Structures are given as C-alpha cells and as structure tokens.
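What follows is the content of upload_9.txt, which has compact mmCIF, C-alpha atoms:
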# COMPACT_ATOMS: atom_id res chain seq x y z
CA MET Z 219 118.99 -207.70 -5.45
CA LYS Z 220 115.27 -207.33 -4.90
CA ALA Z 221 113.01 -206.74 -1.88
CA ILE Z 222 109.26 -206.90 -1.37
CA CYS Z 223 107.69 -203.96 0.44
CA VAL Z 224 104.32 -204.55 2.08
CA PHE Z 225 102.80 -201.33 0.82
CA SER Z 226 99.70 -199.44 2.01
CA GLY Z 227 100.41 -196.33 -0.04
CA GLY Z 228 100.66 -194.17 3.08
CA LEU Z 229 103.65 -192.00 3.95
CA ASP Z 230 105.45 -194.62 6.06
CA SER Z 231 105.31 -197.36 3.43
CA MET Z 232 106.36 -194.90 0.72
CA LEU Z 233 109.39 -193.90 2.81
CA ALA Z 234 110.29 -197.51 3.59
CA ALA Z 235 110.29 -198.41 -0.09
CA GLU Z 236 112.30 -195.33 -1.04
CA ILE Z 237 114.93 -195.84 1.71
CA ILE Z 238 115.62 -199.36 0.45
CA ARG Z 239 115.48 -198.34 -3.19
CA ASP Z 240 118.06 -195.61 -2.48
CA GLN Z 241 120.48 -198.35 -1.43
CA GLY Z 242 120.40 -199.86 -4.91
CA ILE Z 243 117.79 -202.52 -4.14
CA ASP Z 244 114.98 -203.20 -6.60
CA VAL Z 245 111.66 -202.89 -4.71
CA LEU Z 246 108.32 -204.51 -5.53
CA ALA Z 247 105.40 -202.89 -3.71
CA LEU Z 248 102.89 -205.48 -2.54
CA PHE Z 249 99.32 -204.57 -1.57
CA PHE Z 250 97.03 -207.11 0.06
CA GLU Z 251 93.40 -206.54 -0.91
CA THR Z 252 90.26 -207.55 0.99
CA PRO Z 253 86.73 -206.07 1.15
CA PHE Z 254 87.97 -204.22 4.24
CA PHE Z 255 90.66 -202.23 2.44
CA GLY Z 256 91.17 -201.51 -1.25
CA PRO Z 257 94.22 -200.70 -3.40
CA ASP Z 258 93.35 -197.22 -4.71
CA LYS Z 259 95.69 -195.31 -2.39
CA ALA Z 260 98.50 -197.82 -2.93
CA ALA Z 261 98.10 -197.64 -6.70
CA SER Z 262 98.17 -193.85 -6.68
CA SER Z 263 101.25 -193.63 -4.44
CA ALA Z 264 103.16 -196.35 -6.29
CA GLY Z 265 102.37 -194.68 -9.61
CA ALA Z 266 103.62 -191.31 -8.35
CA MET Z 267 106.87 -192.96 -7.19
CA GLY Z 268 107.38 -195.03 -10.34
CA LEU Z 269 107.25 -198.12 -8.12
CA ALA Z 270 106.13 -201.51 -9.41
CA LEU Z 271 102.96 -202.61 -7.60
CA LYS Z 272 101.36 -206.03 -7.26
CA VAL Z 273 97.87 -206.41 -5.75
CA VAL Z 274 97.03 -209.75 -4.14
CA ASP Z 275 93.52 -210.68 -2.96
CA ILE Z 276 93.77 -212.39 0.44
CA THR Z 277 90.06 -212.26 1.39
CA GLN Z 278 89.55 -215.88 2.44
CA ARG Z 279 92.74 -216.24 4.47
CA HIS Z 280 92.21 -212.85 6.05
CA LEU Z 281 88.61 -213.61 6.99
CA GLU Z 282 89.77 -216.58 9.06
CA VAL Z 283 92.08 -214.27 10.97
CA VAL Z 284 89.23 -211.82 11.52
CA ARG Z 285 87.01 -214.63 12.83
CA HIS Z 286 89.61 -216.17 15.14
CA PRO Z 287 92.41 -213.71 16.01
CA LYS Z 288 95.05 -215.30 18.18
CA HIS Z 289 95.99 -211.95 19.70
CA GLY Z 290 92.51 -210.46 19.91
CA TYR Z 291 91.00 -207.28 18.50
CA GLY Z 292 91.77 -203.60 18.79
CA ALA Z 293 89.02 -201.11 19.61
CA HIS Z 294 86.61 -202.78 17.18
CA MET Z 295 86.95 -205.79 14.81
CA ASN Z 296 90.55 -205.03 13.86
CA PRO Z 297 92.95 -207.90 14.69
CA CYS Z 298 96.03 -205.81 13.87
CA VAL Z 299 98.76 -208.12 15.19
CA ASP Z 300 97.28 -211.20 13.51
CA CYS Z 301 96.57 -209.23 10.34
CA HIS Z 302 100.16 -208.04 10.05
CA SER Z 303 101.46 -211.54 10.77
CA LEU Z 304 99.34 -212.93 7.95
CA MET Z 305 100.44 -210.27 5.50
CA PHE Z 306 104.11 -210.81 6.22
CA GLN Z 307 103.61 -214.57 6.08
CA ILE Z 308 102.20 -214.23 2.56
CA ALA Z 309 104.99 -211.80 1.64
CA GLY Z 310 107.47 -214.45 2.84
CA GLU Z 311 105.76 -217.06 0.67
CA MET Z 312 106.21 -214.74 -2.30
CA LEU Z 313 109.92 -214.01 -1.82
CA LYS Z 314 111.18 -216.93 -3.88
CA PRO Z 315 108.57 -216.70 -6.68
CA GLU Z 316 109.29 -212.98 -7.03
CA GLY Z 317 113.07 -213.44 -6.83
CA ALA Z 318 113.28 -211.28 -3.71
CA ALA Z 319 115.74 -211.69 -0.83
CA PHE Z 320 113.87 -209.99 2.01
CA ALA Z 321 110.72 -208.07 2.96
CA VAL Z 322 110.24 -204.46 4.04
CA THR Z 323 107.52 -202.67 6.00
CA GLY Z 324 106.85 -199.06 6.97
CA GLU Z 325 105.99 -199.87 10.60
CA VAL Z 326 107.22 -197.35 13.16
CA LEU Z 327 108.04 -198.40 16.70
CA GLY Z 328 105.46 -197.01 19.13
CA GLN Z 329 103.21 -195.49 16.48
CA ARG Z 330 100.34 -197.83 17.39
CA PRO Z 331 100.29 -199.11 20.96
CA MET Z 332 98.84 -202.56 20.22
CA SER Z 333 100.58 -203.67 17.05
CA GLN Z 334 103.77 -201.59 16.93
CA ASN Z 335 105.35 -201.94 20.35
CA LYS Z 336 108.65 -203.81 20.41
CA GLY Z 337 107.12 -207.05 21.68
CA ALA Z 338 104.44 -207.03 19.00
CA LEU Z 339 106.95 -206.27 16.23
CA ASN Z 340 109.14 -209.19 17.32
CA ARG Z 341 106.11 -211.46 17.59
CA ILE Z 342 104.88 -210.52 14.13
CA ALA Z 343 108.29 -211.18 12.58
CA ALA Z 344 108.46 -214.60 14.26
CA GLU Z 345 104.89 -215.72 13.62
CA SER Z 346 105.04 -214.66 9.98
CA GLY Z 347 108.06 -216.92 9.48
CA LEU Z 348 110.16 -214.06 8.13
CA HIS Z 349 112.16 -213.58 11.36
CA ASP Z 350 115.25 -211.50 10.53
CA LEU Z 351 114.34 -211.19 6.85
CA LEU Z 352 111.80 -208.50 7.81
CA VAL Z 353 113.31 -205.02 7.68
CA ARG Z 354 111.66 -201.93 9.21
CA PRO Z 355 113.77 -199.10 7.78
CA LEU Z 356 112.06 -196.28 9.70
CA SER Z 357 112.84 -197.74 13.15
CA ALA Z 358 115.70 -200.15 12.34
CA LYS Z 359 118.24 -198.42 14.57
CA LEU Z 360 116.01 -199.07 17.59
CA LEU Z 361 115.61 -202.75 16.74
CA SER Z 362 117.96 -205.72 16.49
CA PRO Z 363 119.98 -205.90 13.25
CA THR Z 364 118.35 -207.98 10.54
CA LEU Z 365 120.02 -210.47 8.20
CA PRO Z 366 120.13 -208.01 5.26
CA GLU Z 367 122.01 -205.56 7.52
CA GLU Z 368 124.38 -208.18 8.93
CA ARG Z 369 125.26 -209.47 5.48
CA GLY Z 370 125.77 -206.02 4.04
CA TRP Z 371 122.91 -206.17 1.56
CA ILE Z 372 121.77 -202.84 3.04
CA GLN Z 373 123.66 -200.36 5.22
CA ARG Z 374 122.29 -199.93 8.74
CA GLU Z 375 123.71 -196.42 9.02
CA LYS Z 376 121.38 -195.36 6.18
CA LEU Z 377 118.33 -196.56 8.08
CA TYR Z 378 116.47 -194.58 10.76
CA GLY Z 379 115.43 -194.63 14.42
CA PHE Z 380 111.96 -193.08 14.37
CA GLN Z 381 109.68 -193.75 17.31
CA GLY Z 382 106.24 -192.61 18.47
CA ARG Z 383 103.10 -191.15 16.93
CA SER Z 384 104.45 -187.87 15.54
CA ARG Z 385 104.68 -187.70 11.75
CA LYS Z 386 107.04 -184.73 11.70
CA PRO Z 387 110.25 -186.78 11.29
CA GLN Z 388 108.69 -188.72 8.40
CA MET Z 389 107.44 -185.54 6.76
CA GLU Z 390 110.91 -184.00 6.98
CA LEU Z 391 112.46 -187.16 5.53
CA ALA Z 392 109.93 -187.13 2.67
CA ARG Z 393 111.01 -183.59 1.87
CA ARG Z 394 114.70 -184.58 1.85
CA LEU Z 395 114.02 -187.61 -0.35
CA ASN Z 396 111.92 -185.52 -2.75
CA LEU Z 397 108.97 -187.88 -2.41
CA PRO Z 398 105.87 -186.89 -4.38
CA ASP Z 399 102.71 -185.82 -2.60
CA TYR Z 400 101.59 -188.39 -0.08
CA PRO Z 401 98.08 -189.03 1.26
CA SER Z 402 96.90 -187.75 4.62
CA PRO Z 403 96.83 -190.36 7.39
CA ALA Z 404 93.13 -191.19 7.04
CA GLY Z 405 91.89 -194.54 8.27
CA GLY Z 406 91.89 -197.03 5.44
CA CYS Z 407 90.71 -200.17 7.23
CA LEU Z 408 86.97 -200.62 7.71
CA LEU Z 409 87.63 -202.99 10.61
CA THR Z 410 88.62 -199.98 12.73
CA GLU Z 411 85.21 -198.32 12.18
CA LYS Z 412 82.54 -198.72 14.85
CA VAL Z 413 79.42 -199.14 12.69
CA PHE Z 414 81.04 -201.40 10.12
CA SER Z 415 82.50 -203.58 12.87
CA ARG Z 416 79.09 -203.92 14.50
CA ARG Z 417 77.61 -205.07 11.19
CA LEU Z 418 80.45 -207.50 10.57
CA LYS Z 419 80.13 -209.00 14.03
CA ASP Z 420 76.43 -209.55 13.41
CA LEU Z 421 77.15 -211.17 10.04
CA LEU Z 422 79.79 -213.54 11.40
CA ALA Z 423 77.54 -214.53 14.29
CA GLY Z 424 74.75 -215.44 11.90
CA THR Z 425 76.53 -217.47 9.23
CA THR Z 426 79.46 -219.82 8.80
CA GLU Z 427 79.76 -219.35 5.03
CA VAL Z 428 80.42 -215.71 4.25
CA GLN Z 429 80.62 -214.66 0.62
CA THR Z 430 82.39 -211.58 -0.73
CA LYS Z 431 79.06 -210.02 -1.65
CA ASP Z 432 77.95 -210.31 1.98
CA LEU Z 433 81.00 -208.29 3.03
CA GLU Z 434 80.46 -205.74 0.28
CA LEU Z 435 76.86 -205.23 1.39
CA LEU Z 436 78.09 -204.16 4.83
CA LYS Z 437 79.43 -200.96 3.25
CA SER Z 438 76.04 -199.67 2.07
CA GLY Z 439 72.66 -198.74 3.46
CA ARG Z 440 70.97 -199.18 6.81
CA HIS Z 441 71.04 -202.70 8.22
CA PHE Z 442 68.31 -204.39 10.26
CA ARG Z 443 68.24 -207.82 11.92
CA ILE Z 444 64.55 -208.83 11.72
CA GLY Z 445 64.94 -212.50 12.55
CA PRO Z 446 67.61 -214.91 13.80
CA ASN Z 447 68.46 -215.77 10.20
CA THR Z 448 67.07 -212.80 8.32
CA LYS Z 449 68.57 -209.40 7.54
CA VAL Z 450 67.30 -206.30 5.74
CA VAL Z 451 69.47 -203.72 3.96
CA VAL Z 452 67.87 -200.37 3.05
CA GLY Z 453 69.49 -198.04 0.51
CA ARG Z 454 69.95 -194.39 1.47
CA ASN Z 455 70.44 -192.84 -1.97
CA LYS Z 456 70.47 -193.66 -5.69
CA GLU Z 457 74.07 -194.91 -5.63
CA GLU Z 458 73.43 -197.23 -2.69
CA ASN Z 459 70.16 -198.46 -4.22
CA GLU Z 460 72.00 -199.47 -7.38
CA ARG Z 461 74.80 -201.10 -5.44
CA ILE Z 462 72.40 -203.09 -3.23
CA GLN Z 463 70.47 -204.24 -6.31
CA SER Z 464 73.69 -205.40 -7.98
CA LEU Z 465 74.72 -207.41 -4.90
CA ALA Z 466 71.42 -209.25 -4.52
CA GLY Z 467 71.89 -213.04 -4.53
CA GLU Z 468 69.68 -215.59 -6.26
CA GLN Z 469 67.82 -216.37 -3.04
CA ASP Z 470 67.42 -212.75 -1.89
CA ILE Z 471 64.28 -210.71 -2.43
CA ILE Z 472 64.04 -207.02 -3.35
CA LEU Z 473 61.30 -204.71 -2.08
CA LYS Z 474 60.41 -201.32 -3.56
CA SER Z 475 57.70 -198.79 -2.87
CA ILE Z 476 55.00 -198.57 -5.56
CA ASN Z 477 53.18 -195.42 -4.45
CA GLY Z 478 56.15 -193.08 -4.34
CA PRO Z 479 59.95 -192.76 -4.35
CA GLY Z 480 61.74 -195.02 -1.91
CA PRO Z 481 64.79 -197.16 -1.25
CA THR Z 482 65.85 -200.45 -2.71
CA VAL Z 483 65.41 -202.92 0.15
CA LEU Z 484 67.20 -206.27 0.11
CA VAL Z 485 66.07 -209.13 2.35
CA SER Z 486 68.25 -212.21 2.80
CA GLY Z 487 67.79 -215.33 4.89
CA GLU Z 488 64.61 -217.07 5.94
CA PHE Z 489 61.27 -215.66 4.72
CA THR Z 490 58.38 -216.21 7.10
CA ALA Z 491 55.11 -214.27 6.91
CA GLU Z 492 56.20 -212.23 9.91
CA VAL Z 493 59.56 -211.44 8.29
CA ILE Z 494 57.89 -210.24 5.08
CA GLU Z 495 55.45 -208.11 7.06
CA THR Z 496 58.31 -206.42 8.92
CA ALA Z 497 60.34 -205.90 5.71
CA VAL Z 498 57.32 -204.32 4.01
CA GLY Z 499 56.84 -202.03 7.02
CA ILE Z 500 60.48 -200.92 6.90
CA THR Z 501 60.28 -200.28 3.15
CA ILE Z 502 57.20 -198.08 3.58
CA ALA Z 503 58.66 -196.24 6.59
CA TYR Z 504 61.70 -195.17 4.55
CA SER Z 505 59.67 -194.26 1.44
CA ASP Z 506 57.86 -191.06 0.44
CA THR Z 507 54.26 -191.98 1.25
CA ALA Z 508 52.89 -188.47 0.51
CA GLY Z 509 50.55 -188.46 3.49
CA ARG Z 510 48.98 -191.85 2.77
CA LYS Z 511 47.81 -194.05 5.61
CA ILE Z 512 48.29 -197.21 3.52
CA SER Z 513 51.06 -197.80 0.98
CA LYS Z 514 51.99 -200.55 -1.46
CA VAL Z 515 55.26 -202.45 -1.87
CA GLY Z 516 56.32 -204.66 -4.76
CA ILE Z 517 58.43 -207.74 -4.06
CA LYS Z 518 60.76 -209.35 -6.61
CA LYS Z 519 63.08 -212.32 -6.66
CA GLY Z 520 65.62 -211.98 -9.41
CA LYS Z 521 63.71 -210.42 -12.33
CA ALA Z 522 60.41 -212.04 -11.41
CA ASP Z 523 57.61 -210.17 -9.65
CA ILE Z 524 56.38 -212.21 -6.69
CA ILE Z 525 53.64 -210.19 -5.03
CA THR Z 526 52.41 -206.70 -4.18
CA LEU Z 527 51.48 -206.05 -0.55
CA SER Z 528 49.80 -203.15 1.23
CA ALA Z 529 50.50 -202.10 4.80
CA PRO Z 530 49.94 -199.15 7.14
CA VAL Z 531 52.44 -196.33 7.11
CA GLN Z 532 54.52 -196.39 10.29
CA ASP Z 533 57.20 -194.10 11.68
CA LYS Z 534 60.84 -195.13 11.21
CA GLY Z 535 61.27 -195.14 14.98
CA VAL Z 536 59.13 -198.27 15.22
CA PHE Z 537 62.00 -200.23 13.65
CA ARG Z 538 64.91 -198.50 15.37
CA ASP Z 539 65.51 -201.34 17.84
CA LEU Z 540 66.04 -203.72 14.91
CA MET Z 541 68.84 -201.62 13.40
CA ILE Z 542 72.31 -203.13 13.56
Target encoding structure tokens, full file:
Amino acid sequence: MKAICVFSGGLDSMLAAEIIRDQGIDVLALFFETPFFGPDKAASSAGAMGLALKVVDITQRHLEVVRHPKHGYGAHMNPCVDCHSLMFQIAGEMLKPEGAAFAVTGEVLGQRPMSQNKGALNRIAAESGLHDLLVRPLSAKLLSPTLPEERGWIQREKLYGFQGRSRKPQMELARRLNLPDYPSPAGGCLLTEKVFSRRLKDLLAGTTEVQTKDLELLKSGRHFRIGPNTKVVVGRNKEENERIQSLAGEQDIILKSINGPGPTVLVSGEFTAEVIETAVGITIAYSDTAGRKISKVGIKKGKADIITLSAPVQDKGVFRDLMI
C-alpha cells in the first residue's frame, strides 16, 4: 500500500512520513512549488531520509487562491487555510495516478492558531475533498479516526496526540526514530513576510495578468510605484543587478548610470516623459555620482540603446514616498 505525504521538508512533515513508513506503507513525498516557496529544503530532507520526492508546480492555481482567499489572510498575504485546502485537493487528485490509497500531512493541532485549530483542520479536509482519507499522524489521537485507521491500513495506537506550539515532543520522537538532521523551523513562505506581502499586494492591485517573472522580481531590489501603471525595481548588489537584468521583459526598459557605478534599474508599465524623468532621478540617486551635480543615465530596451539622459543629482530621500 502507498500513501502520499504533503511534504515541506520540515521536522513535522519528516516525522509524519516516517511514522507511516514505519507501518509498512510506501510513502511518496509531494512538494508543491510556487514562486512563494521553493523545494530546496524538501529535497534535502527527503534525500537524507531516502524518501522518494515529487515536485509539482502549482503557481497558477495557487495564485488564484492568493488573490481570492475564501477564508481570508493571516498576518500578511498568507491565505493558510485556503492554501492547505488547495494542496490537499491536488494531493487527492494525484492519489489514483500515483497508486496511493490516502494522504498524509505533518500538521499539529494547535500549532498555528488560524490554520491548525480543530475547526480549520476539519474544514480543510472537507474542502479539499479528501475527507477521512487525510491522516495527520502527529495529532491523530486527538482527532476523529480516519478511514485508513478504521480499515486497519494503519494502526491508530502507533500514531500520536501532539498538540500546541512546543517542538519538544517532535524533537524527542525524531531522536527515537533515528531521523537524520532536520532543518530549523525558519519561515519558508514569502507570503508571511511583511515587505514581500506589501509588494505582492501592490502588484495584484495593478494588473490582472501576473506572470511568473513578475512574482520573481518581487524577491529582489527596492521597489517604487512611480505611476498608476508603472513600477521601478532598483538592484542593491551585483547579484540582484544580474537577476533583475535576466527578468526584464520585452517591453521593459533598463536604466544604468554612465558616470559611475550604480544599480541595474528596471522600469515596467507605461512610459510617459514624467515617468522616465522620475526613473532617471532614482537611478542617479542610488548611483555613485562622485560629487557631481549632474549625472548621465543610459536607457536600453532589450539589447538596443534608446537614449542617454542627464539630470541633477538628488538625495534618495526625495523618492522615499514612492517606495513600496
């Protein structure tokens, strides 16, 4: 028999997979990838456990949930209840193709007040369509028996009754199960971060068609809204400059200082004379102008040079109110 484990690569999901695997069930670890969370931690943990891992990109379906969460957001742009429902829905859709009988998750009752209280756990199981085919091994003894338990596919007495935010019971269990090193509980979802969420909210408010590159750009640089339909992204170091350059679209323009070292500046949206003037001013403000009163900026679209413009050197603070 086989089960699918929705797998983040954190301690709880590692334990959930191992508890089920110890009962003689073959486990496939399933990681759902979006620009908001990547598979590196899951791949490392699965590799250390000798656990088969499948990574599935769910960006477009997940973005709809982020735009219109039925159950609202957490502290920032994180729709945790809706997100979990979507993930388990997709896991349910994959049961038959993967030859699996049920799904597993490392959720712990009471660990997160919004998405892991008993009402939310029941709601997620129902809305995902998995119902009693969703097993939560770490808190199973505090929840209603699932179909795999009732039918004897797994033994309820070998499951656990963990509750609350403390990790000590899980850490002790990991020691007893001889689990390999597990990652610290660092936040892995960008939707829980204040600055990223602010940028995402601005992006979603300004466009109906969001591309993956637009989401990737949110991770780098300083962001400025300089017009209703125009945004500027300013690199902060060599790595970000290269990343911003690589993410430039066909209709975007790139600005760079000519007189001295400076950032790669990407401008997307509508290009009025006023917009270009502001973008040039921002580029100069964040460049090394070496005491000049006037500095030059080169503007490109794709590989083609468009124009070189000169403008007065201004302090960065002039543009602070435009920063997202």
Surrounding residues of segment 345-356 of chain Z excluding itself and chain neighbours under 6 positions, 6 Å, all atoms listed in the file, as a list of chain:residue names: Z:Ala234, Z:Ser303, Z:Phe306, Z:Gln307, Z:Gly310, Z:Phe320, Z:Ala321, Z:Val322, Z:Thr323, Z:Thr364, Z:Leu365, Z:Leu377, Z:Tyr378, Z:Phe380
Enter the distance from atom CA of Ser486 of chain Z to atom CA of Glu460 of chain Z, in Å, rounded to one decimal. 16.7 Å
Determine the axis-aligned bounding box of all atoms of segment 387-390 of chain Z present in the file, pad each side by 5 Å, and express its centre and edge lengths in Å to one decimal place as lines of an AutoDock Vina configuration file.
center_x = 109.2
center_y = -186.4
center_z = 9.0
size_x = 13.5
size_y = 14.7
size_z = 14.5
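Atom to atom, atom CA of Lys386 of chain Z and atom CA of Glu411 of chain Z stand 25.7 Å apart.
Reported to one decimal place, the separation of atom CA of Lys456 of chain Z from atom CA of Thr277 of chain Z is 27.9 Å.
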Close residues, Arg279 of chain Z itself excluded, 10 Å, only C-alpha atoms, min 5 positions apart in chain, as a ChimeraX atom specification: /Z:252,284,301,304-305,308
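Proximity of Z:Ala358, Z:Val498, Z:Leu281, Z:Val515 to Leu418 of chain Z, computed with all atoms listed in the file, is greatest for Z:Leu281.
Using all atoms listed in the file for every distance, the candidate list Z:Ala319, Z:Ala343, Z:Val428, Z:Met332 yields Z:Val428 as the residue closest to Arg285 of chain Z.
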For Leu433 of chain Z, which residue out of Z:Phe249, Z:Phe225, Z:Phe537, Z:Phe254 is the nearest one, using all atoms listed in the file? Z:Phe254
Of the residues Z:Val224, Z:Ile512, Z:Val451, Z:Met541, which is the one nearest to Gly478 of chain Z, using only C-alpha atoms? Z:Ile512
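The smallest atom-to-atom distance between Ala491 of chain Z and any of Z:Ile342, Z:Ser402, Z:Gln373, Z:Leu527, using all atoms listed in the file, is found for Z:Leu527.
The shortest atom-to-atom distance to Gly535 of chain Z, with all atoms listed in the file taken into account, belongs to Z:Tyr504 out of Z:Val485, Z:Lys521, Z:Leu422, Z:Tyr504.
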